[in-house]
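Coordinates as given in upload_33.txt (compact mmCIF, C-alpha atoms and all ligand atoms):
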# COMPACT_ATOMS: atom_id res chain seq x y z
CA MET A 1 0.00 0.00 0.00
CA ARG A 2 1.25 3.47 -0.87
CA GLU A 3 0.58 5.96 1.92
CA ASP A 4 0.36 9.74 1.57
CA VAL A 5 3.16 11.31 3.56
CA TYR A 6 3.80 14.89 4.61
CA LEU A 7 6.48 16.77 6.49
CA ILE A 8 4.65 18.54 9.27
CA GLY A 9 4.68 20.53 12.49
CA GLY A 10 7.76 22.02 14.08
CA PHE A 11 10.05 20.92 11.26
CA VAL A 12 8.15 22.94 8.64
CA ARG A 13 7.73 25.91 11.01
CA ASP A 14 11.45 25.93 11.74
CA ILE A 15 12.49 25.74 8.06
CA ILE A 16 10.48 28.93 7.47
CA LEU A 17 12.08 30.55 10.53
CA TYR A 18 15.60 29.42 9.49
CA ARG A 19 15.96 27.58 12.79
CA THR A 20 18.11 24.48 12.80
CA ARG A 21 16.80 21.33 14.45
CA ASN A 22 17.64 17.65 14.55
CA GLU A 23 14.11 16.28 14.53
CA MET A 24 11.90 15.78 11.46
CA ASP A 25 8.17 15.11 11.86
CA PHE A 26 6.37 13.00 9.23
CA LEU A 27 2.62 12.62 9.00
CA VAL A 28 1.52 9.39 7.36
CA VAL A 29 -2.08 9.06 6.21
CA GLY A 30 -2.26 5.38 7.12
CA GLU A 31 -0.02 3.45 9.49
CA GLY A 32 2.89 5.58 10.82
CA PRO A 33 4.90 2.65 12.22
CA SER A 34 4.69 0.44 9.13
CA PHE A 35 5.78 3.31 6.89
CA ALA A 36 8.66 4.00 9.30
CA ARG A 37 9.78 0.36 9.04
CA LYS A 38 9.71 0.45 5.22
CA LEU A 39 11.66 3.71 5.05
CA ALA A 40 14.19 2.50 7.63
CA LYS A 41 14.75 -0.62 5.55
CA ALA A 42 15.28 1.44 2.40
CA LEU A 43 17.79 3.64 4.26
CA ASN A 44 19.49 0.61 5.78
CA VAL A 45 18.64 1.68 9.34
CA LYS A 46 18.38 -1.30 11.68
CA GLU A 47 16.77 0.16 14.80
CA VAL A 48 13.22 1.51 14.75
CA THR A 49 11.38 2.39 17.96
CA ILE A 50 7.65 1.83 17.80
CA PHE A 51 4.98 3.03 20.23
CA LYS A 52 2.07 0.78 19.31
CA ASN A 53 -0.47 2.44 21.62
CA PHE A 54 0.16 5.86 20.14
CA GLY A 55 0.65 4.73 16.53
CA THR A 56 4.02 6.50 16.38
CA ALA A 57 7.57 5.45 15.54
CA HIS A 58 11.00 6.99 15.24
CA PHE A 59 14.52 6.21 14.16
CA ILE A 60 17.79 8.05 13.81
CA TYR A 61 19.30 8.69 10.41
CA LYS A 62 22.49 10.71 9.99
CA ASP A 63 22.18 12.70 13.27
CA MET A 64 18.53 13.41 12.51
CA THR A 65 15.65 11.88 14.49
CA LEU A 66 12.83 11.00 12.12
CA GLU A 67 9.43 10.89 13.87
CA PHE A 68 6.41 9.25 12.25
CA VAL A 69 2.82 9.60 13.23
CA GLY A 70 -0.29 8.22 11.56
CA ALA A 71 -2.98 10.81 10.78
CA ARG A 72 -5.44 10.78 13.64
CA LYS A 73 -8.39 12.29 15.31
CA GLU A 74 -7.24 12.68 18.83
CA SER A 75 -9.00 13.76 21.91
CA TYR A 76 -7.71 13.82 25.43
CA SER A 77 -10.70 12.65 27.43
CA ARG A 78 -11.66 15.31 29.96
CA ASN A 79 -10.38 13.66 33.09
CA SER A 80 -7.64 11.46 31.81
CA ARG A 81 -3.98 12.10 31.24
CA ASN A 82 -3.90 9.89 28.17
CA PRO A 83 -5.16 10.63 24.69
CA LYS A 84 -7.87 8.65 22.94
CA VAL A 85 -6.54 8.05 19.47
CA GLU A 86 -8.54 7.19 16.38
CA LYS A 87 -7.38 7.01 12.78
CA GLY A 88 -8.21 10.09 10.73
CA THR A 89 -7.69 11.93 7.47
CA LEU A 90 -5.10 14.62 6.77
CA ASP A 91 -7.79 17.18 7.48
CA ASP A 92 -8.72 15.58 10.84
CA ASP A 93 -5.09 15.58 11.79
CA LEU A 94 -4.57 19.24 10.96
CA ASN A 95 -7.68 20.21 12.95
CA ARG A 96 -6.44 18.54 16.11
CA ARG A 97 -3.05 20.28 16.18
CA ASP A 98 -2.12 23.00 18.63
CA PHE A 99 -1.26 26.22 16.75
CA THR A 100 -1.61 27.46 13.19
CA ILE A 101 2.18 27.87 12.99
CA ASN A 102 2.44 24.10 13.63
CA CYS A 103 -0.25 23.10 11.10
CA LEU A 104 1.82 23.66 7.97
CA ALA A 105 2.54 20.56 5.91
CA ILE A 106 4.80 19.87 2.92
CA SER A 107 3.65 17.15 0.55
CA LEU A 108 6.08 14.32 -0.18
CA ASN A 109 3.67 12.67 -2.60
CA LYS A 110 4.34 12.13 -6.26
CA ASN A 111 1.76 14.46 -7.81
CA THR A 112 2.09 17.30 -5.33
CA PHE A 113 5.70 16.89 -4.19
CA GLY A 114 7.01 19.98 -2.39
CA GLU A 115 3.65 21.76 -2.18
CA LEU A 116 2.97 23.67 1.04
CA LEU A 117 -0.43 23.00 2.59
CA ASP A 118 -1.55 25.87 4.75
CA LYS A 119 -5.13 25.26 5.85
CA PHE A 120 -5.10 27.82 8.69
CA ASN A 121 -2.91 30.65 7.30
CA GLY A 122 0.02 29.54 9.42
CA LEU A 123 2.50 31.16 7.06
CA GLU A 124 0.89 34.55 7.60
CA ASP A 125 0.94 33.96 11.37
CA ILE A 126 4.65 33.08 11.24
CA ASN A 127 5.29 36.34 9.37
CA GLU A 128 3.14 38.25 11.87
CA LYS A 129 4.82 36.38 14.76
CA LEU A 130 1.41 35.40 16.04
CA ILE A 131 0.32 32.37 18.07
CA ARG A 132 -3.23 31.34 17.23
CA THR A 133 -5.10 28.06 17.55
CA PRO A 134 -6.56 26.42 14.43
CA LEU A 135 -9.93 25.86 16.15
CA GLU A 136 -11.65 27.86 18.85
CA PRO A 137 -9.01 28.07 21.68
CA GLY A 138 -11.30 26.44 24.26
CA LYS A 139 -11.53 23.31 22.09
CA THR A 140 -7.80 23.16 21.32
CA PHE A 141 -6.87 23.59 25.00
CA ASP A 142 -9.53 21.19 26.20
CA ASP A 143 -8.07 18.49 23.93
CA ASP A 144 -4.71 18.91 25.67
CA PRO A 145 -4.35 21.57 28.38
CA LEU A 146 -0.55 21.37 28.16
CA ARG A 147 -0.98 23.49 25.04
CA ILE A 148 -1.56 26.48 27.32
CA MET A 149 2.05 26.15 28.43
CA ARG A 150 3.20 25.39 24.88
CA ALA A 151 1.73 28.74 23.76
CA PHE A 152 3.83 30.50 26.40
CA ARG A 153 6.86 28.41 25.49
CA PHE A 154 6.63 29.34 21.80
CA ALA A 155 6.16 33.01 22.74
CA SER A 156 9.29 32.87 24.89
CA GLN A 157 11.33 30.74 22.49
CA LEU A 158 10.42 32.43 19.22
CA GLY A 159 9.64 35.97 20.41
CA PHE A 160 6.04 35.65 19.15
CA ILE A 161 2.95 37.26 20.61
CA ILE A 162 -0.17 35.38 21.66
CA ASP A 163 -3.53 36.22 20.16
CA PRO A 164 -5.66 37.96 22.85
CA ASN A 165 -8.48 35.43 22.55
CA VAL A 166 -6.01 32.57 23.05
CA LEU A 167 -4.64 34.36 26.13
CA LYS A 168 -8.14 34.80 27.49
CA PHE A 169 -8.84 31.06 27.24
CA ALA A 170 -5.39 30.25 28.67
CA SER A 171 -6.29 32.21 31.83
CA GLU A 172 -9.80 30.81 32.07
CA MET A 173 -8.58 27.23 31.67
CA ALA A 174 -5.41 27.39 33.79
CA GLU A 175 -6.82 24.93 36.33
CA ARG A 176 -7.20 22.29 33.61
CA LEU A 177 -3.43 21.78 33.77
CA LYS A 178 -4.08 19.76 36.91
CA ILE A 179 -4.98 16.74 34.75
CA VAL A 180 -1.66 16.86 32.85
CA SER A 181 1.21 14.64 34.02
CA GLN A 182 3.98 16.33 36.00
CA GLU A 183 6.61 15.09 33.53
CA ARG A 184 4.99 16.94 30.62
CA ILE A 185 4.49 20.09 32.68
CA THR A 186 8.09 20.10 33.90
CA ASP A 187 9.37 19.48 30.39
CA GLU A 188 7.53 22.56 29.06
CA PHE A 189 8.54 24.63 32.07
CA MET A 190 12.20 23.79 31.50
CA LYS A 191 11.84 24.74 27.82
CA ILE A 192 10.55 28.15 28.92
CA LEU A 193 13.52 28.47 31.27
CA GLY A 194 15.82 27.48 28.40
CA SER A 195 14.45 30.16 26.05
CA PRO A 196 16.46 33.26 25.12
CA LYS A 197 14.56 35.58 27.48
CA PRO A 198 12.76 33.36 30.02
CA SER A 199 10.97 36.28 31.69
CA VAL A 200 8.65 36.45 28.67
CA GLY A 201 7.29 32.96 29.39
CA LEU A 202 7.49 33.30 33.18
CA LYS A 203 5.40 36.49 33.12
CA LEU A 204 2.82 34.84 30.85
CA LEU A 205 2.66 31.92 33.30
CA PHE A 206 2.20 34.33 36.17
CA GLU A 207 -0.30 36.71 34.57
CA SER A 208 -2.50 33.88 33.28
CA GLY A 209 -2.66 32.22 36.71
CA VAL A 210 -0.91 29.10 35.39
CA MET A 211 2.09 29.62 37.67
CA LYS A 212 -0.20 29.38 40.70
CA VAL A 213 -1.25 25.93 39.50
CA ILE A 214 2.12 24.53 38.42
CA PHE A 215 4.63 26.29 40.69
CA PRO A 216 2.88 28.12 43.55
CA GLU A 217 6.15 29.00 45.32
CA ILE A 218 7.18 31.15 42.33
CA HIS A 219 3.70 32.64 42.06
CA ASN A 220 3.95 33.69 45.72
CA LEU A 221 7.07 35.76 45.06
CA ALA A 222 4.88 38.40 43.50
CA GLY A 223 3.22 41.27 45.24
CA VAL A 224 4.41 44.68 46.32
CA GLU A 225 3.95 45.64 49.90
CA GLN A 226 4.38 49.08 51.35
CA ARG A 227 4.76 50.18 54.88
CA LYS A 228 5.55 53.75 55.80
CA ASP A 229 8.35 54.85 53.49
CA TYR A 230 9.69 51.39 52.89
CA HIS A 231 8.85 49.93 49.53
CA HIS A 232 9.56 46.25 49.45
CA LYS A 233 10.35 45.42 45.82
CA ASP A 234 8.40 42.70 44.08
CA VAL A 235 10.52 39.56 44.39
CA PHE A 236 8.98 38.00 41.27
CA GLN A 237 10.00 40.98 39.10
CA HIS A 238 13.47 40.91 40.65
CA THR A 239 13.74 37.14 39.98
CA CYS A 240 12.78 37.68 36.32
CA ILE A 241 15.54 40.28 35.93
CA VAL A 242 18.13 37.96 37.51
CA ILE A 243 17.11 35.07 35.22
CA ASP A 244 17.27 37.21 32.08
CA ASN A 245 20.70 38.51 33.11
CA ILE A 246 22.02 34.98 33.68
CA SER A 247 20.41 33.77 30.45
CA ALA A 248 22.14 36.51 28.45
CA VAL A 249 25.50 34.95 29.38
CA SER A 250 24.79 31.25 29.96
CA ASP A 251 22.67 28.47 28.49
CA ASN A 252 23.21 26.31 31.58
CA ILE A 253 19.70 25.31 32.59
CA TRP A 254 20.63 24.61 36.23
CA LEU A 255 22.21 28.01 36.61
CA ARG A 256 18.96 29.48 35.29
CA PHE A 257 16.99 27.29 37.67
CA ALA A 258 19.16 28.45 40.58
CA ALA A 259 18.37 32.05 39.60
CA LEU A 260 14.66 31.19 39.55
CA VAL A 261 14.64 29.83 43.09
CA HIS A 262 17.33 31.96 44.75
CA ASP A 263 14.73 33.94 46.73
CA ILE A 264 12.12 31.20 46.99
CA ALA A 265 11.82 31.39 50.80
CA LYS A 266 11.49 35.17 50.97
CA PRO A 267 7.70 35.13 51.39
CA GLN A 268 7.91 32.86 54.46
CA THR A 269 10.76 34.78 56.12
CA LYS A 270 9.49 38.31 55.49
CA ARG A 271 9.35 40.50 58.62
CA PHE A 272 9.01 44.23 59.04
CA ILE A 273 11.48 45.62 61.52
CA GLU A 274 10.62 49.04 62.89
CA GLY A 275 13.31 51.56 61.90
CA THR A 276 15.06 49.12 59.57
CA GLY A 277 12.42 48.03 57.08
CA TRP A 278 11.82 44.64 55.48
CA SER A 279 14.00 41.72 56.51
CA PHE A 280 14.22 38.18 55.09
CA HIS A 281 16.49 36.73 57.72
CA GLY A 282 17.34 33.07 57.09
CA HIS A 283 15.71 32.90 53.67
CA GLU A 284 18.79 31.26 52.07
CA ASP A 285 18.80 28.37 54.56
CA LEU A 286 15.07 27.80 54.41
CA GLY A 287 15.20 28.06 50.60
CA ALA A 288 17.91 25.40 50.41
CA LYS A 289 15.89 23.12 52.71
CA ILE A 290 12.68 23.22 50.71
CA MET A 291 14.38 22.62 47.36
CA LYS A 292 14.56 18.85 47.68
CA SER A 293 10.82 18.47 48.08
CA ILE A 294 10.28 20.86 45.15
CA PHE A 295 12.62 18.75 42.98
CA GLU A 296 10.70 15.63 44.03
CA ARG A 297 7.36 17.19 43.24
CA LEU A 298 8.51 18.50 39.87
CA LYS A 299 10.17 15.16 39.09
CA LEU A 300 13.51 16.82 38.45
CA PRO A 301 16.67 14.68 38.75
CA LEU A 302 17.72 13.97 42.34
CA THR A 303 21.08 12.33 41.73
CA ASN A 304 24.01 13.78 43.70
CA TRP A 305 21.68 15.58 46.09
CA ASN A 306 23.82 16.29 49.14
CA ILE A 307 21.67 18.57 51.28
N1 LIG A 401 1.42 18.90 18.79
C1 LIG A 401 0.16 19.29 19.19
N2 LIG A 401 -0.18 19.34 20.51
C2 LIG A 401 0.73 19.02 21.46
C3 LIG A 401 2.03 18.63 21.07
C4 LIG A 401 2.34 18.59 19.72
O1 LIG A 401 -0.67 19.59 18.34
N3 LIG A 401 0.38 19.06 22.74
C5 LIG A 401 1.74 18.84 17.34
C6 LIG A 401 2.16 20.16 16.74
O2 LIG A 401 1.70 20.19 15.41
C7 LIG A 401 3.67 20.10 16.79
C8 LIG A 401 3.93 18.60 16.49
O3 LIG A 401 2.82 17.93 17.11
O4 LIG A 401 4.29 20.91 15.84
C9 LIG A 401 5.23 18.08 17.05
O5 LIG A 401 5.27 18.25 18.45
P1 LIG A 401 6.59 18.58 19.25
O6 LIG A 401 7.74 17.84 18.68
O7 LIG A 401 6.27 18.44 20.70
O8 LIG A 401 6.77 20.14 19.04
P2 LIG A 401 7.42 20.96 17.87
O9 LIG A 401 6.39 21.88 17.33
O10 LIG A 401 8.08 20.04 16.90
O11 LIG A 401 8.47 21.88 18.60
P3 LIG A 401 9.78 21.46 19.40
O12 LIG A 401 10.38 20.29 18.70
O13 LIG A 401 10.58 22.71 19.34
O14 LIG A 401 9.31 21.14 20.78

Whole structure, structure tokens version:
Amino acid sequence: MREDVYLIGGFVRDIILYRTRNEMDFLVVGEGPSFARKLAKALNVKEVTIFKNFGTAHFIYKDMTLEFVGARKESYSRNSRNPKVEKGTLDDDLNRRDFTINCLAISLNKNTFGELLDKFNGLEDINEKLIRTPLEPGKTFDDDPLRIMRAFRFASQLGFIIDPNVLKFASEMAERLKIVSQERITDEFMKILGSPKPSVGLKLLFESGVMKVIFPEIHNLAGVEQRKDYHHKDVFQHTCIVIDNISAVSDNIWLRFAALVHDIAKPQTKRFIEGTGWSFHGHEDLGAKIMKSIFERLKLPLTNWNI
């Protein structure tokens, strides 16, 4: 059987943005894994990883990871962490994707080889640096609430802006992130932290109320308090500045993470001392103590933890 195959998603978006990447996404209208096996054989690649339940497969070819997915209608059932997957057409598959900038496809089929399919004006949105959902945002986010964080990640990573209606739904649906697995949430959060100017994503997380759901300790850093002439600066704003400064000189994700949490215990240690002003005595020690449980909760690596 000859399947229709398209290059899709982040790979097509990144070609247009001149961003290099080592992952290629293929959409197969038919069986993704069986097409992956046939192509691997033709390329003389021995190892193919198949995820039967998800109908996906991947293999490595010349430093490039090739990902294959069969076209599907997919819906994440309202209270489950796992998607329900059904076979679908190219059109079904495009409808269920997250953002218009990720819905572009390039045909690899004989009669239309090289043609760009752009059902939702994704090319225009890339040029306008705009993050929009292909369907009504409530539907797209309901299918997979992690997409709320993905919107913020793309804004932070690519320097794009988010359509106001998408932002509105992101705020309204922030609580829905509670059904998403911690691993996926942490993965997106770390991508935001790894972006060129992480404060862009961190502020979106905060302003939408998502931070309160996924990382309440960072949410609690915000808030300006005044007493007499003493203006206690907003620790969240200060933290954002420190992270951006570190990120301008280092890509080290743990250094960035250290910047994120360096004042994490300030809210608990805050005291007002008459004649002196605000004090955060002992916040470094308390901060260091609570980090292990935060790492455990976020499912971050705990190897070599010596505290
Ligand atoms: N996708 C989606 N909803 C998600 C995750 C992914 O619709 N929650 C779709 C998008 O079309 C996306 C493609 O699957 O482009 C591939 O997903 P992924 O590899 O996670 O993201 P990329 O867009 O490729 O970006 P990056 O590789 O930079 O994470």

Worksheet item: Could you pull the residues within 10 Å of Trp254 in chain A, counting all atoms listed in the file, minus those fewer than 4 positions along the same chain, as number ranges by chain?
Response: A: 190, 193-194, 258-260

Practice prompt. Could you tell me which of A:Asp98, A:Asp263, A:Glu284, A:Glu86 comes closest to Met149 in chain A if we count only C-alpha atoms?
Written response: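 Nearest to Met149 in chain A: A:Asp98.
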
Discussion item. Hey, which residues sit close to ligand LIG 401 (chain A)? Say within 6 Å, counting all atoms listed in the file, and write them as a PyMOL selection string.
Written reply: chain A and resi 9-10+97-98+102-103+144+146-147

Worksheet item: Closest to Ile179 in chain A among A:Lys299, A:Asp142, A:Phe272, A:Ile15, using only C-alpha atoms?
Response: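 Of A:Lys299, A:Asp142, A:Phe272, A:Ile15, the one nearest Ile179 in chain A is A:Asp142, counting only C-alpha atoms.
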
Practice prompt. Find, counting only C-alpha atoms, the residue in A:His262, A:Arg153, A:Lys197, A:His58 that gets nearest to Val249 in chain A.
Written response: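 So, comparing all the options, the nearest one is A:Lys197.
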
Worksheet entry | Test item: residues at most 8 Å from Ser247 in chain A, only C-alpha atoms, excluding those fewer than 3 positions along its chain, as an MDAnalysis selection string | chainID A and resid 196:198 243:244 250:251 256

Discussion item. Residues within 10 Å of Gly209 in chain A, please, as a count of residues only. Count all atoms listed in the file; anything in the same chain fewer than 2 positions from it doesn't count.
Written reply: 17

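Counting only C-alpha atoms, the residue from A:Leu221, A:Ile106, A:Leu167, A:Ile253 that sits nearest to Phe189 in chain A is A:Ile253.
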
Worksheet item: For the atom pair CA of Glu23 in chain A and CA of Glu128 in chain A, what is the interatomic distance in Å to one decimal place?
Response: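 Going from CA of Glu23 in chain A over to CA of Glu128 in chain A, I get 24.7 Å.
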
Fill in: Coordinates-based distance that separates CA of Lys178 in chain A from CA of Ile294 in chain A (Å, one decimal)
16.6 Å

Worksheet item: Between CA of Leu135 in chain A and CA of Leu90 in chain A, what is the spacing in Å?
Response: 15.4 Å
